[in-house]
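Here is the structure we will look at, set down as structure tokens.
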Amino acid sequence: MTKFAFETAAKDMTVENVGAWIDSILSGSLKPHLKSDPVPETQGPVTVIVGTEFDKIVNDVTKDVLVKYYAPWCGHCKKLAPIWEELGELYKDNEDLVIAKFDATTNEAEGVNIRGYPTLIFYSKENKEGVTYEGERDLDGFKEWLSENSSAVKGHTEAVKEDL
């Protein structure tokens with residue numbers, strides 16, 4: 001499903017520039033064309049990730065990132081949406097943790113191949129390969145899982161305990 005954009009206008013198309021375009025695809029020097037919504041002007045407690053911002057947000061080594069890949073028409077995604085918003089609200093003040101969502105029907109990111117909705121993937125500071133979340137899909141399940149797997153939550157919890 002990889003797509004490559006041919007930037008030359010049809011009227012300027014020649015055998016030579018089509019050949020050069022194909023050579024650049026085969027050599028790997030031309031990056032695939034990926035869909036992306038516009039970058040949101042403002043963000044709420046749940047960060048909206050679009051294709052052009054994926055690498056910047058998810059691969060930020062200073063943050064743990066939990067992403068919900070969803071489709072707007074998906075019933076399971078709609079059911080999860082209010083819980084996801086509540087999770088984002090709960091951790092909105094934790095600067096080292098990003099609760100995010102990615103509309104996988106209108107955005108693409110290199111190396112991301114989603115097979116079902118919703119798919120939840122956790123990208124820790126230490127592992128930007130990502131780990132699929134398989135736990136309970138309720139607020140308590142997310143909180144417990146993050147407290148065990150996110151250094152941002154573990155560190156934040158310890159700091160709160162020390163302040164007391």
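Numbering starts fresh at 1 for the residues of each chain in the structure tokens, the chains themselves are lettered A, B, ... in the order given, and ligands are numbered from 1 as they appear.
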inquiry  = Going by DSSP on the backbone, which residues of range 49-83 of chain A come out as helix (DSSP H, G or I)? List them as a PyMOL selection string.
reply    = chain A and resi 51-58+75-83
Residues from last step as file, C-alpha atoms, as a PDB file, in the first residue's frame:
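Generated file (part24.pdb):
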```pdb
ATOM      1  CA  GLY A  51       0.770  12.121   9.962  1.00  0.00           C
ATOM      2  CA  THR A  52       3.217  15.015   9.570  1.00  0.00           C
ATOM      3  CA  GLU A  53       3.685  15.305  13.352  1.00  0.00           C
ATOM      4  CA  PHE A  54       3.885  11.599  14.181  1.00  0.00           C
ATOM      5  CA  ASP A  55       7.677  11.334  14.323  1.00  0.00           C
ATOM      6  CA  LYS A  56       8.048  14.560  16.301  1.00  0.00           C
ATOM      7  CA  ILE A  57       5.566  13.493  19.008  1.00  0.00           C
ATOM      8  CA  VAL A  58       5.887   9.715  19.232  1.00  0.00           C
ATOM      9  CA  GLY A  75     -18.128   1.308  17.386  1.00  0.00           C
ATOM     10  CA  HIS A  76     -15.431   0.073  19.792  1.00  0.00           C
ATOM     11  CA  CYS A  77     -13.506   3.324  19.235  1.00  0.00           C
ATOM     12  CA  LYS A  78     -16.604   5.393  20.012  1.00  0.00           C
ATOM     13  CA  LYS A  79     -17.131   3.404  23.211  1.00  0.00           C
ATOM     14  CA  LEU A  80     -13.502   3.984  24.253  1.00  0.00           C
ATOM     15  CA  ALA A  81     -13.507   7.735  23.425  1.00  0.00           C
ATOM     16  CA  PRO A  82     -14.903   9.083  26.750  1.00  0.00           C
ATOM     17  CA  ILE A  83     -12.580   6.827  28.771  1.00  0.00           C
TER      18      ILE A  83
END
```
query = Got a sec: who's within 9 Å of Thr119 in chain A, counting only C-alpha atoms, leaving out chain neighbours fewer than 5 positions off, as a PyMOL selection string?
reply = chain A and resi 67-70+114+132-133
task = Might you pull out every residue within 9 Å of Lys128 in chain A, with only C-alpha atoms counted and same-chain residues fewer than 2 positions away left off, and present them as a ChimeraX atom specification?
result = /A:58-61,64,122-126,130-131
message = Could you pull out the strand (DSSP E) residues of range 34-117 of chain A, going by DSSP on the backbone, and write them as JSON, numbers by chain?
response = {"A": [47, 48, 64, 65, 66, 67, 68, 69, 70, 97, 98, 99, 100, 101, 102, 103]}
Write the residues of the selection above to a file with all heavy atoms, as a short mmCIF file (atom, residue, chain, number, x, y, z; two decimals), in the first residue's frame.
```cif
data_model
loop_
_atom_site.label_atom_id
_atom_site.label_comp_id
_atom_site.auth_asym_id
_atom_site.auth_seq_id
_atom_site.Cartn_x
_atom_site.Cartn_y
_atom_site.Cartn_z
N THR A 47 -3.71 14.52 23.11
CA THR A 47 -2.99 15.11 21.98
C THR A 47 -3.44 14.44 20.69
O THR A 47 -3.44 13.22 20.58
CB THR A 47 -1.47 14.92 22.16
OG1 THR A 47 -1.08 15.57 23.37
CG2 THR A 47 -0.69 15.48 21.00
N VAL A 48 -3.83 15.26 19.71
CA VAL A 48 -4.20 14.76 18.40
C VAL A 48 -2.93 14.70 17.56
O VAL A 48 -2.29 15.73 17.32
CB VAL A 48 -5.25 15.65 17.72
CG1 VAL A 48 -5.55 15.16 16.32
CG2 VAL A 48 -6.52 15.71 18.56
N ASP A 64 7.03 9.46 27.38
CA ASP A 64 6.30 8.23 27.13
C ASP A 64 5.03 8.65 26.39
O ASP A 64 4.42 9.67 26.74
CB ASP A 64 5.91 7.54 28.43
CG ASP A 64 7.08 6.85 29.13
OD1 ASP A 64 8.14 6.68 28.50
OD2 ASP A 64 6.93 6.50 30.31
N VAL A 65 4.64 7.87 25.39
CA VAL A 65 3.47 8.23 24.58
C VAL A 65 2.56 7.01 24.43
O VAL A 65 3.01 5.95 23.99
CB VAL A 65 3.89 8.75 23.18
CG1 VAL A 65 2.68 9.22 22.40
CG2 VAL A 65 4.94 9.86 23.30
N LEU A 66 1.30 7.16 24.81
CA LEU A 66 0.30 6.11 24.64
C LEU A 66 -0.67 6.58 23.55
O LEU A 66 -1.34 7.60 23.72
CB LEU A 66 -0.44 5.83 25.95
CG LEU A 66 -1.51 4.74 25.92
CD1 LEU A 66 -0.94 3.40 25.47
CD2 LEU A 66 -2.18 4.60 27.29
N VAL A 67 -0.68 5.86 22.43
CA VAL A 67 -1.47 6.28 21.26
C VAL A 67 -2.64 5.33 21.03
O VAL A 67 -2.46 4.11 21.01
CB VAL A 67 -0.59 6.32 19.99
CG1 VAL A 67 -1.42 6.77 18.79
CG2 VAL A 67 0.62 7.22 20.18
N LYS A 68 -3.79 5.95 20.81
CA LYS A 68 -4.98 5.20 20.38
C LYS A 68 -5.12 5.43 18.87
O LYS A 68 -5.34 6.54 18.42
CB LYS A 68 -6.23 5.69 21.10
CG LYS A 68 -7.53 5.07 20.57
CD LYS A 68 -8.76 5.60 21.26
CE LYS A 68 -9.11 6.98 20.73
NZ LYS A 68 -10.45 7.42 21.13
N TYR A 69 -4.93 4.36 18.09
CA TYR A 69 -5.16 4.41 16.65
C TYR A 69 -6.63 4.05 16.45
O TYR A 69 -7.07 2.98 16.90
CB TYR A 69 -4.27 3.42 15.92
CG TYR A 69 -2.80 3.76 16.05
CD1 TYR A 69 -2.03 3.20 17.08
CD2 TYR A 69 -2.18 4.63 15.17
CE1 TYR A 69 -0.69 3.51 17.21
CE2 TYR A 69 -0.84 4.94 15.30
CZ TYR A 69 -0.10 4.38 16.32
OH TYR A 69 1.23 4.69 16.46
N TYR A 70 -7.37 4.92 15.79
CA TYR A 70 -8.81 4.70 15.71
C TYR A 70 -9.35 5.05 14.32
O TYR A 70 -8.68 5.66 13.49
CB TYR A 70 -9.54 5.52 16.77
CG TYR A 70 -9.57 7.01 16.48
CD1 TYR A 70 -10.70 7.60 15.92
CD2 TYR A 70 -8.48 7.82 16.74
CE1 TYR A 70 -10.74 8.97 15.64
CE2 TYR A 70 -8.51 9.17 16.47
CZ TYR A 70 -9.63 9.74 15.91
OH TYR A 70 -9.65 11.08 15.61
N LEU A 97 4.44 12.41 29.97
CA LEU A 97 3.52 11.41 29.43
C LEU A 97 2.53 12.09 28.50
O LEU A 97 1.92 13.10 28.85
CB LEU A 97 2.76 10.70 30.56
CG LEU A 97 1.70 9.69 30.13
CD1 LEU A 97 2.32 8.51 29.39
CD2 LEU A 97 0.91 9.20 31.35
N VAL A 98 2.38 11.51 27.31
CA VAL A 98 1.43 12.02 26.32
C VAL A 98 0.37 10.95 26.08
O VAL A 98 0.70 9.81 25.74
CB VAL A 98 2.13 12.37 24.98
CG1 VAL A 98 1.12 12.82 23.94
CG2 VAL A 98 3.20 13.42 25.20
N ILE A 99 -0.88 11.31 26.30
CA ILE A 99 -2.01 10.46 25.93
C ILE A 99 -2.48 11.03 24.59
O ILE A 99 -2.83 12.21 24.50
CB ILE A 99 -3.13 10.49 26.98
CG1 ILE A 99 -2.62 10.11 28.38
CG2 ILE A 99 -4.30 9.59 26.55
CD1 ILE A 99 -2.03 8.72 28.49
N ALA A 100 -2.48 10.19 23.55
CA ALA A 100 -2.72 10.71 22.21
C ALA A 100 -3.70 9.84 21.43
O ALA A 100 -3.99 8.71 21.80
CB ALA A 100 -1.39 10.79 21.46
N LYS A 101 -4.19 10.43 20.34
CA LYS A 101 -5.05 9.68 19.43
C LYS A 101 -4.63 10.01 17.99
O LYS A 101 -4.13 11.11 17.71
CB LYS A 101 -6.53 9.96 19.66
CG LYS A 101 -6.96 11.40 19.44
CD LYS A 101 -8.43 11.57 19.79
CE LYS A 101 -8.88 13.02 19.56
NZ LYS A 101 -10.30 13.18 19.88
N PHE A 102 -4.81 9.03 17.10
CA PHE A 102 -4.36 9.12 15.72
C PHE A 102 -5.44 8.53 14.85
O PHE A 102 -5.71 7.32 14.92
CB PHE A 102 -3.05 8.33 15.59
CG PHE A 102 -2.38 8.39 14.26
CD1 PHE A 102 -1.41 9.34 13.99
CD2 PHE A 102 -2.66 7.45 13.27
CE1 PHE A 102 -0.75 9.37 12.77
CE2 PHE A 102 -2.01 7.46 12.05
CZ PHE A 102 -1.04 8.43 11.80
N ASP A 103 -6.11 9.36 14.06
CA ASP A 103 -7.15 8.87 13.15
C ASP A 103 -6.44 8.15 12.00
O ASP A 103 -5.88 8.79 11.10
CB ASP A 103 -8.00 10.03 12.63
CG ASP A 103 -9.12 9.59 11.70
OD1 ASP A 103 -9.08 8.44 11.20
OD2 ASP A 103 -10.04 10.40 11.46
#
```
request  = Using only C-alpha atoms, find the one residue out of A:Ser36, A:Asn113, A:Thr105, A:Ser151 that sits nearest to Ile49 in chain A.
outcome  =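 Smallest separation from Ile49 in chain A among the options: A:Ser36.
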